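*Asks:* Have a peek at work-v2.txt (compact mmCIF, C-alpha atoms and all ligand atoms).
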```txt
# COMPACT_ATOMS: atom_id res chain seq x y z
CA MET A 1 0.00 0.00 0.00
CA ARG A 2 1.37 3.41 -0.94
CA ARG A 3 1.65 6.00 1.81
CA LYS A 4 -0.09 9.17 0.78
CA LEU A 5 1.92 12.37 0.51
CA ALA A 6 0.89 15.97 1.11
CA ALA A 7 3.63 18.19 -0.30
CA GLY A 8 3.84 21.97 -0.23
CA ASN A 9 5.82 24.04 -2.74
CA TRP A 10 6.47 27.53 -1.41
CA LYS A 11 8.07 28.64 -4.68
CA MET A 12 9.92 31.97 -4.33
CA ASN A 13 7.92 32.93 -1.26
CA GLY A 14 8.91 33.14 2.37
CA LEU A 15 11.30 35.05 4.61
CA LEU A 16 12.74 33.90 7.91
CA GLY A 17 9.69 35.26 9.71
CA ASP A 18 7.44 32.93 7.72
CA LEU A 19 9.00 29.86 9.33
CA ALA A 20 6.44 30.40 12.07
CA GLN A 21 4.00 28.69 9.69
CA LEU A 22 6.13 25.54 9.96
CA ASP A 23 6.01 25.70 13.73
CA GLN A 24 2.27 25.70 13.57
CA LEU A 25 2.26 22.79 11.12
CA ALA A 26 4.83 20.68 12.93
CA LYS A 27 3.27 21.20 16.33
CA ALA A 28 -0.25 20.29 15.23
CA PRO A 29 -0.46 16.50 15.40
CA LEU A 30 0.42 15.47 11.85
CA PRO A 31 -1.54 12.36 10.83
CA PRO A 32 0.90 9.43 11.22
CA GLN A 33 -0.61 7.45 8.33
CA ILE A 34 0.52 9.94 5.66
CA ASP A 35 3.76 11.75 4.76
CA THR A 36 3.92 15.53 4.95
CA LEU A 37 6.58 17.57 3.16
CA ILE A 38 7.26 21.28 2.72
CA CYS A 39 9.65 22.55 0.04
CA PRO A 40 10.58 26.10 1.02
CA PRO A 41 12.92 28.30 -1.02
CA ALA A 42 16.59 27.25 -0.79
CA THR A 43 17.31 30.11 1.62
CA LEU A 44 14.98 28.60 4.20
CA ILE A 45 15.87 24.91 3.92
CA HIS A 46 18.48 24.93 6.65
CA PRO A 47 16.50 26.89 9.26
CA ALA A 48 13.35 24.95 8.35
CA ILE A 49 15.11 21.66 9.03
CA ALA A 50 16.52 22.94 12.31
CA GLN A 51 13.12 24.17 13.35
CA THR A 52 11.15 21.04 12.49
CA ARG A 53 13.71 18.50 13.77
CA GLY A 54 11.96 15.79 15.73
CA SER A 55 8.62 16.38 14.01
CA ALA A 56 7.09 14.27 11.24
CA LEU A 57 7.28 17.20 8.81
CA ALA A 58 9.90 16.57 6.12
CA ILE A 59 11.69 19.38 4.29
CA GLY A 60 12.62 19.31 0.62
CA ALA A 61 13.95 21.51 -2.18
CA GLN A 62 12.40 22.93 -5.34
CA ASP A 63 15.25 22.08 -7.71
CA CYS A 64 18.81 20.76 -7.83
CA HIS A 65 21.70 20.76 -10.28
CA ALA A 66 22.48 17.69 -12.36
CA GLN A 67 26.12 17.64 -11.16
CA SER A 68 27.21 16.95 -7.59
CA ALA A 69 29.79 19.79 -7.47
CA GLY A 70 31.69 22.17 -9.71
CA ALA A 71 31.86 25.58 -11.33
CA PHE A 72 28.13 26.28 -11.54
CA THR A 73 27.64 29.75 -10.07
CA GLY A 74 24.39 30.14 -8.21
CA ASP A 75 23.36 26.48 -8.47
CA ILE A 76 22.80 24.01 -5.65
CA SER A 77 23.59 20.30 -5.87
CA ALA A 78 21.50 17.43 -4.60
CA LEU A 79 24.43 16.45 -2.41
CA GLN A 80 24.41 19.88 -0.76
CA LEU A 81 20.66 19.60 -0.15
CA ARG A 82 21.07 16.14 1.33
CA ASP A 83 23.90 17.49 3.50
CA LEU A 84 21.41 19.96 5.01
CA GLY A 85 18.96 17.15 5.73
CA ALA A 86 16.53 17.67 2.85
CA SER A 87 14.74 14.48 1.83
CA ALA A 88 13.25 15.36 -1.54
CA ALA A 89 13.55 17.69 -4.54
CA ILE A 90 10.81 18.89 -6.86
CA LEU A 91 12.14 18.60 -10.42
CA GLY A 92 10.82 19.73 -13.80
CA HIS A 93 8.18 22.05 -12.41
CA SER A 94 6.50 23.86 -15.32
CA GLU A 95 7.78 27.16 -13.95
CA ARG A 96 11.32 25.83 -14.46
CA ARG A 97 10.57 24.07 -17.75
CA GLU A 98 9.12 27.35 -19.09
CA GLY A 99 11.04 30.02 -17.18
CA HIS A 100 14.44 28.32 -17.32
CA GLY A 101 14.10 26.31 -20.51
CA GLU A 102 14.51 22.96 -18.76
CA SER A 103 14.24 20.02 -21.14
CA ASP A 104 13.02 16.52 -20.36
CA GLN A 105 16.62 15.35 -20.65
CA LEU A 106 17.81 17.88 -18.08
CA VAL A 107 14.98 16.93 -15.71
CA ALA A 108 15.99 13.26 -16.06
CA ALA A 109 19.64 14.15 -15.30
CA LYS A 110 18.58 16.12 -12.24
CA ALA A 111 16.42 13.20 -11.09
CA HIS A 112 19.42 10.87 -11.33
CA ALA A 113 21.51 13.35 -9.34
CA ALA A 114 18.80 13.72 -6.71
CA GLN A 115 18.44 9.96 -6.27
CA ALA A 116 22.20 9.42 -6.21
CA ALA A 117 22.31 11.80 -3.24
CA GLY A 118 19.50 9.92 -1.52
CA LEU A 119 16.75 12.43 -2.28
CA CYS A 120 13.29 11.48 -3.45
CA ALA A 121 12.80 12.94 -6.95
CA ILE A 122 9.37 14.53 -7.37
CA ILE A 123 9.07 14.91 -11.15
CA CYS A 124 6.36 17.26 -12.46
CA LEU A 125 4.47 16.77 -15.71
CA GLY A 126 1.59 18.73 -17.18
CA GLU A 127 -0.06 20.12 -20.29
CA THR A 128 -0.80 23.73 -21.22
CA LEU A 129 -4.35 24.93 -21.84
CA ALA A 130 -3.74 25.02 -25.61
CA GLN A 131 -2.50 21.42 -25.52
CA ARG A 132 -5.57 20.31 -23.55
CA GLN A 133 -7.92 22.17 -25.86
CA ALA A 134 -6.24 20.55 -28.85
CA GLY A 135 -6.90 17.11 -27.32
CA ASP A 136 -3.19 16.46 -26.90
CA THR A 137 -3.02 16.02 -23.11
CA LEU A 138 -2.17 12.31 -22.96
CA GLN A 139 0.31 12.62 -25.80
CA VAL A 140 2.08 15.56 -24.11
CA ILE A 141 2.20 13.81 -20.73
CA GLY A 142 3.39 10.62 -22.42
CA ALA A 143 6.24 12.46 -24.14
CA GLN A 144 7.26 14.23 -20.92
CA PHE A 145 7.20 10.89 -19.11
CA ALA A 146 9.25 9.22 -21.83
CA GLY A 147 11.93 11.91 -21.61
CA SER A 148 11.94 12.82 -17.92
CA VAL A 149 11.41 9.44 -16.26
CA PRO A 150 14.05 7.03 -17.61
CA ALA A 151 14.03 3.36 -16.65
CA THR A 152 17.38 3.90 -14.92
CA LEU A 153 15.68 5.82 -12.09
CA ASP A 154 14.94 4.07 -8.82
CA PRO A 155 11.16 3.78 -8.41
CA ALA A 156 11.65 3.59 -4.63
CA LEU A 157 12.83 7.23 -4.64
CA LEU A 158 10.36 8.52 -7.22
CA VAL A 159 7.14 10.54 -7.02
CA LEU A 160 5.30 11.96 -10.04
CA ALA A 161 3.19 15.11 -9.85
CA TYR A 162 0.55 15.79 -12.51
CA GLU A 163 0.33 19.57 -12.65
CA PRO A 164 -1.68 21.00 -15.55
CA VAL A 165 0.02 24.30 -16.34
CA TRP A 166 -3.33 26.08 -16.70
CA ALA A 167 -4.46 24.94 -13.24
CA ILE A 168 -1.42 26.35 -11.41
CA GLY A 169 -2.26 29.47 -9.46
CA SER A 170 -5.43 30.01 -11.50
CA GLY A 171 -8.13 28.66 -9.21
CA LEU A 172 -9.11 26.29 -12.05
CA ILE A 173 -8.82 22.53 -11.73
CA PRO A 174 -9.53 19.76 -14.25
CA THR A 175 -12.69 17.74 -13.85
CA LEU A 176 -12.29 14.66 -11.68
CA PRO A 177 -12.53 12.31 -14.72
CA GLN A 178 -9.78 14.36 -16.42
CA ILE A 179 -7.51 13.90 -13.38
CA ALA A 180 -8.37 10.19 -13.27
CA GLU A 181 -7.56 9.78 -16.97
CA VAL A 182 -4.06 11.27 -16.63
CA HIS A 183 -3.25 9.42 -13.40
CA SER A 184 -4.36 6.13 -14.90
CA ALA A 185 -2.19 6.79 -17.98
CA LEU A 186 0.77 7.58 -15.72
CA ARG A 187 0.28 4.37 -13.74
CA THR A 188 0.23 2.39 -16.98
CA ALA A 189 3.38 4.17 -18.17
CA LEU A 190 5.08 3.37 -14.85
CA GLU A 191 4.14 -0.30 -15.20
CA ALA A 192 5.70 -0.42 -18.66
CA ARG A 193 8.84 1.33 -17.35
CA PHE A 194 9.47 -0.41 -14.03
CA GLY A 195 7.23 -3.49 -13.99
CA ALA A 196 3.89 -3.79 -12.24
CA GLU A 197 5.18 -4.36 -8.72
CA ALA A 198 7.57 -1.40 -8.59
CA ALA A 199 5.13 0.84 -10.48
CA HIS A 200 2.57 0.42 -7.74
CA THR A 201 4.93 1.82 -5.13
CA VAL A 202 5.31 5.18 -6.94
CA ARG A 203 3.08 7.91 -5.62
CA LEU A 204 1.14 10.06 -8.09
CA LEU A 205 0.33 13.55 -6.82
CA TYR A 206 -2.11 16.00 -8.32
CA GLY A 207 -1.09 19.68 -8.25
CA GLY A 208 -2.77 22.87 -9.41
CA SER A 209 -5.12 25.02 -7.32
CA VAL A 210 -5.60 22.41 -4.57
CA LYS A 211 -7.38 24.21 -1.73
CA PRO A 212 -9.10 23.13 1.50
CA ASP A 213 -12.48 23.26 -0.24
CA ASN A 214 -11.62 20.99 -3.20
CA ALA A 215 -9.01 18.69 -1.63
CA ALA A 216 -11.39 15.94 -0.46
CA GLU A 217 -12.93 15.45 -3.91
CA VAL A 218 -9.53 15.39 -5.61
CA PHE A 219 -8.29 12.84 -3.06
CA GLY A 220 -11.28 10.63 -3.87
CA VAL A 221 -10.04 10.13 -7.45
CA ALA A 222 -8.52 6.73 -8.24
CA ASP A 223 -4.72 6.74 -8.32
CA VAL A 224 -4.39 10.15 -6.65
CA ASP A 225 -1.94 9.50 -3.82
CA GLY A 226 -1.69 13.06 -2.58
CA ALA A 227 -1.13 16.62 -3.69
CA LEU A 228 1.59 19.11 -4.56
CA VAL A 229 0.22 22.34 -3.17
CA GLY A 230 1.45 25.82 -4.06
CA GLY A 231 -0.38 28.87 -2.71
CA ALA A 232 -2.38 27.04 -0.05
CA SER A 233 0.82 25.60 1.46
CA LEU A 234 1.96 29.09 2.51
CA ASN A 235 -0.68 29.21 5.19
CA ALA A 236 -0.44 26.60 7.96
CA GLN A 237 -4.18 26.53 8.53
CA ASP A 238 -4.99 25.92 4.86
CA PHE A 239 -2.24 23.33 4.41
CA SER A 240 -3.32 21.55 7.61
CA ALA A 241 -6.86 21.30 6.26
CA ILE A 242 -5.50 19.69 3.07
CA VAL A 243 -3.32 17.31 5.14
CA GLN A 244 -6.33 16.29 7.20
CA ALA A 245 -8.44 15.75 4.05
CA LEU A 246 -5.72 13.47 2.65
CA ALA A 247 -5.46 11.52 5.90
CA ALA A 248 -9.23 10.99 5.86
CA ALA A 249 -9.36 9.94 2.18
P1 LIG A 301 -1.02 26.32 -6.75
O1 LIG A 301 -1.46 25.34 -5.70
O2 LIG A 301 -0.73 27.68 -6.20
O3 LIG A 301 -1.95 26.33 -7.93
O4 LIG A 301 0.40 25.80 -7.30
C1 LIG A 301 0.55 24.47 -7.66
C2 LIG A 301 1.97 24.19 -7.92
O5 LIG A 301 2.57 24.71 -8.86
C3 LIG A 301 2.68 23.32 -6.96
O6 LIG A 301 3.92 22.93 -7.44
```
Is it possible to give me this structure as structure tokens?
*Replies:*
Amino acid sequence: MRRKLAAGNWKMNGLLGDLAQLDQLAKAPLPPQIDTLICPPATLIHPAIAQTRGSALAIGAQDCHAQSAGAFTGDISALQLRDLGASAAILGHSERREGHGESDQLVAAKAHAAQAAGLCAIICLGETLAQRQAGDTLQVIGAQFAGSVPATLDPALLVLAYEPVWAIGSGLIPTLPQIAEVHSALRTALEARFGAEAAHTVRLLYGGSVKPDNAAEVFGVADVDGALVGGASLNAQDFSAIVQALAAA
């Protein structure tokens, strides 16, 4: 049985003073039957880990470099993140694919680097609105999967997040059958890649405008093993409500 995962992506939000939100989260009894993860900006990873030590709240990163060290000004390696105590890295988020020109091949290389350092690689996939309207969603997701999720990855340290680009930060979410269709296609792709047994250990998250008021219905969809939450993860009360909805699903 897969453990469900509620993951928060703070993106480029948060100053030291905002770590108080983590205190609130970590001190509230986190449901023991699910995993809870917050990925703050890189500047807050170290203090966040220090602050939540001893709690069930895990801390992760939002990116990593494909190399473990070297002359890469401004970049951060998976090894450095692991050294701080991070346990996961979000990779291939659409904001990095679009804003930083990240290719499927680069995302795959980063995923290898993350896993080599012992981090769980959370690989994001998702279609644009134009691609959905053109009826190309499954083809786009299939191509991203083919390029970003090579068979050489370790399924034990892998999570996939389906994040439709048009649902991120927009307040819009796909219909429940649309989410189910993509998650089912991803499960089938995982089976072909890693074999049925390993494929069923990989968690599939939905991300894009998950809020306290829609979380329960999203978590009721087959093959949704949790959420990758942006805006609503910045507020401890909202994220807690989503965590509780996942624990109850
Ligand atoms: P929102 O929850 O703000 O739509 O962001 C989703 C996301 O991009 C998480 O990675």
*Asks:* Of the candidates A:Gly169, A:Pro150, A:Gly207, A:Pro164, which one gets nearest to A:Gly231 if we count only C-alpha atoms?
*Replies:*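 Under the stated criterion, the closest residue is A:Gly169.
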*Asks:* Show me, as a PDB file with C-alpha atoms, in the coordinates of the input, the residues that have an atom within 9 Å of A:Ile141 when counting all atoms listed in the file, minus same-chain residues fewer than 5 positions from it.
*Replies:*
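What follows is the written file result-v1.pdb:
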```
ATOM      1  CA  LEU A 125       4.470  16.770 -15.710  1.00  0.00           C
ATOM      2  CA  GLY A 126       1.590  18.730 -17.180  1.00  0.00           C
ATOM      3  CA  GLU A 127      -0.060  20.120 -20.290  1.00  0.00           C
ATOM      4  CA  ASP A 136      -3.190  16.460 -26.900  1.00  0.00           C
ATOM      5  CA  ALA A 146       9.250   9.220 -21.830  1.00  0.00           C
ATOM      6  CA  TYR A 162       0.550  15.790 -12.510  1.00  0.00           C
ATOM      7  CA  VAL A 182      -4.060  11.270 -16.630  1.00  0.00           C
ATOM      8  CA  ALA A 185      -2.190   6.790 -17.980  1.00  0.00           C
ATOM      9  CA  LEU A 186       0.770   7.580 -15.720  1.00  0.00           C
TER      10      LEU A 186
END
```
*Asks:* Using only C-alpha atoms for the distances, tell me which of A:Leu153, A:Val221, A:Ala161, A:Ala245 is nearest to A:Ala109.
*Replies:*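 Answer, going by the shortest atom-to-atom distance: A:Leu153.
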*Asks:* Which is closer to A:Phe219 than all the others in A:Pro40, A:Lys4, A:Gln133, A:Leu234, using all atoms listed in the file?
*Replies:* A:Lys4
*Asks:* For ligand LIG 301 (chain A), collect every residue having any atom at a distance of at most 6 Å from a ligand atom (counting only C-alpha atoms and all ligand atoms); output as a PyMOL selection string.
*Replies:* chain A and resi 9+168-169+207-210+228-232
*Asks:* Name the residues, using the chain letters and numbers of the file, that sit within 8 Å of (-6.6, 12.2, -13.6) when counting only C-alpha atoms, and give them as a PDB file with C-alpha atoms, in the frame of the given file.
*Replies:*
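The result, written out as result23.pdb:
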```
ATOM      1  CA  LEU A 176     -12.290  14.660 -11.680  1.00  0.00           C
ATOM      2  CA  PRO A 177     -12.530  12.310 -14.720  1.00  0.00           C
ATOM      3  CA  GLN A 178      -9.780  14.360 -16.420  1.00  0.00           C
ATOM      4  CA  ILE A 179      -7.510  13.900 -13.380  1.00  0.00           C
ATOM      5  CA  ALA A 180      -8.370  10.190 -13.270  1.00  0.00           C
ATOM      6  CA  GLU A 181      -7.560   9.780 -16.970  1.00  0.00           C
ATOM      7  CA  VAL A 182      -4.060  11.270 -16.630  1.00  0.00           C
ATOM      8  CA  HIS A 183      -3.250   9.420 -13.400  1.00  0.00           C
ATOM      9  CA  SER A 184      -4.360   6.130 -14.900  1.00  0.00           C
ATOM     10  CA  TYR A 206      -2.110  16.000  -8.320  1.00  0.00           C
ATOM     11  CA  VAL A 221     -10.040  10.130  -7.450  1.00  0.00           C
ATOM     12  CA  ALA A 222      -8.520   6.730  -8.240  1.00  0.00           C
ATOM     13  CA  ASP A 223      -4.720   6.740  -8.320  1.00  0.00           C
ATOM     14  CA  VAL A 224      -4.390  10.150  -6.650  1.00  0.00           C
TER      15      VAL A 224
END
```
*Asks:* Show which residues sit within 8 Å of A:Ile242, as a PyMOL selection string. Count only C-alpha atoms, and ignore same-chain residues fewer than 5 positions away.
*Replies:* chain A and resi 6+211-212+215-216
*Asks:* Next, dump the selected residues to file, keeping only C-alpha atoms, as a PDB file, keeping the file's coordinate frame.
*Replies:*
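And here is the file that came out, selection32.pdb:
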```pdb
ATOM      1  CA  ALA A   6       0.890  15.970   1.110  1.00  0.00           C
ATOM      2  CA  LYS A 211      -7.380  24.210  -1.730  1.00  0.00           C
ATOM      3  CA  PRO A 212      -9.100  23.130   1.500  1.00  0.00           C
ATOM      4  CA  ALA A 215      -9.010  18.690  -1.630  1.00  0.00           C
ATOM      5  CA  ALA A 216     -11.390  15.940  -0.460  1.00  0.00           C
TER       6      ALA A 216
END
```
*Asks:* Between atom CA of A:Gly60 and atom CA of A:Gly8, what is the spacing in Å?
*Replies:*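 A separation of 9.2 Å between them.
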*Asks:* To one decimal in Å, tell me the separation between atom CA of A:Cys120 and atom CA of A:Ala78.
*Replies:*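 Distance reported for this atom pair: 10.2 Å.
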*Asks:* Could you check which of A:Gln33, A:Gln67, A:Gln62, A:Ser55 is closest to A:Arg2, using only C-alpha atoms?
*Replies:*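 Looking at the shortest contact to A:Arg2, the residue is A:Gln33.
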*Asks:* As lines of an AutoDock Vina configuration file, please: the centre and edge lengths in Å, to one decimal, of an axis-aligned box enclosing every listed atom of stretch 203-217 of chain A with 6 Å added on each side.
*Replies:*
```
center_x = -4.9
center_y = 16.5
center_z = -4.0
size_x = 28.0
size_y = 29.1
size_z = 22.9
```
*Asks:* Counting all atoms listed in the file, which residue out of A:Ile34, A:Ala227, A:Asn214, A:Leu172 sits closest to A:Cys124?
*Replies:*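 Nearest to A:Cys124: A:Ala227.
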*Asks:* In terms of the shortest atom-to-atom distance over only C-alpha atoms, which of A:Ser170, A:Thr128, A:Thr36, A:Thr43 is closest to A:Leu16?
*Replies:* A:Thr43
*Asks:* Could you state the separation of atom CA of A:Thr201 and atom CA of A:Ala121 in Å, given to one decimal place?
*Replies:*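 Going from atom CA of A:Thr201 over to atom CA of A:Ala121 covers 13.7 Å.
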*Asks:* Write out as JSON, numbers by chain each polymer residue whose atoms come within 12 Å of A:Arg193, counting only C-alpha atoms; drop sequence neighbours fewer than 4 positions from it.
*Replies:* {"A": [142, 145, 146, 147, 148, 149, 150, 151, 152, 153, 154, 155, 186, 187, 188, 189, 197, 198, 199, 200, 202]}
*Asks:* Fewer than 3 positions away in the same chain doesn't count, so skip those; otherwise give me all residues within 8 Å of A:Pro41, counting all atoms listed in the file, as a VMD selection string.
*Replies:* chain A and resid 10 to 14 44 to 45 61 to 62
*Asks:* Need the neighbours of (11.3, 26.6, -13.3): which residues are at most 12 Å away, counting all atoms listed in the file, as a PyMOL selection string?
*Replies:* chain A and resi 11-12+62-64+90-103+106-107+124+165
*Asks:* Suppose we keep C-alpha atoms; can you now write the selection as a CSV table (one decimal), in the coordinates of the input?
*Replies:*
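Wrote part_13.csv, looks like this:
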```
chain,number,residue,atom,x,y,z
A,11,LYS,CA,8.1,28.6,-4.7
A,12,MET,CA,9.9,32.0,-4.3
A,62,GLN,CA,12.4,22.9,-5.3
A,63,ASP,CA,15.2,22.1,-7.7
A,64,CYS,CA,18.8,20.8,-7.8
A,90,ILE,CA,10.8,18.9,-6.9
A,91,LEU,CA,12.1,18.6,-10.4
A,92,GLY,CA,10.8,19.7,-13.8
A,93,HIS,CA,8.2,22.0,-12.4
A,94,SER,CA,6.5,23.9,-15.3
A,95,GLU,CA,7.8,27.2,-14.0
A,96,ARG,CA,11.3,25.8,-14.5
A,97,ARG,CA,10.6,24.1,-17.8
A,98,GLU,CA,9.1,27.4,-19.1
A,99,GLY,CA,11.0,30.0,-17.2
A,100,HIS,CA,14.4,28.3,-17.3
A,101,GLY,CA,14.1,26.3,-20.5
A,102,GLU,CA,14.5,23.0,-18.8
A,103,SER,CA,14.2,20.0,-21.1
A,106,LEU,CA,17.8,17.9,-18.1
A,107,VAL,CA,15.0,16.9,-15.7
A,124,CYS,CA,6.4,17.3,-12.5
A,165,VAL,CA,0.0,24.3,-16.3
```
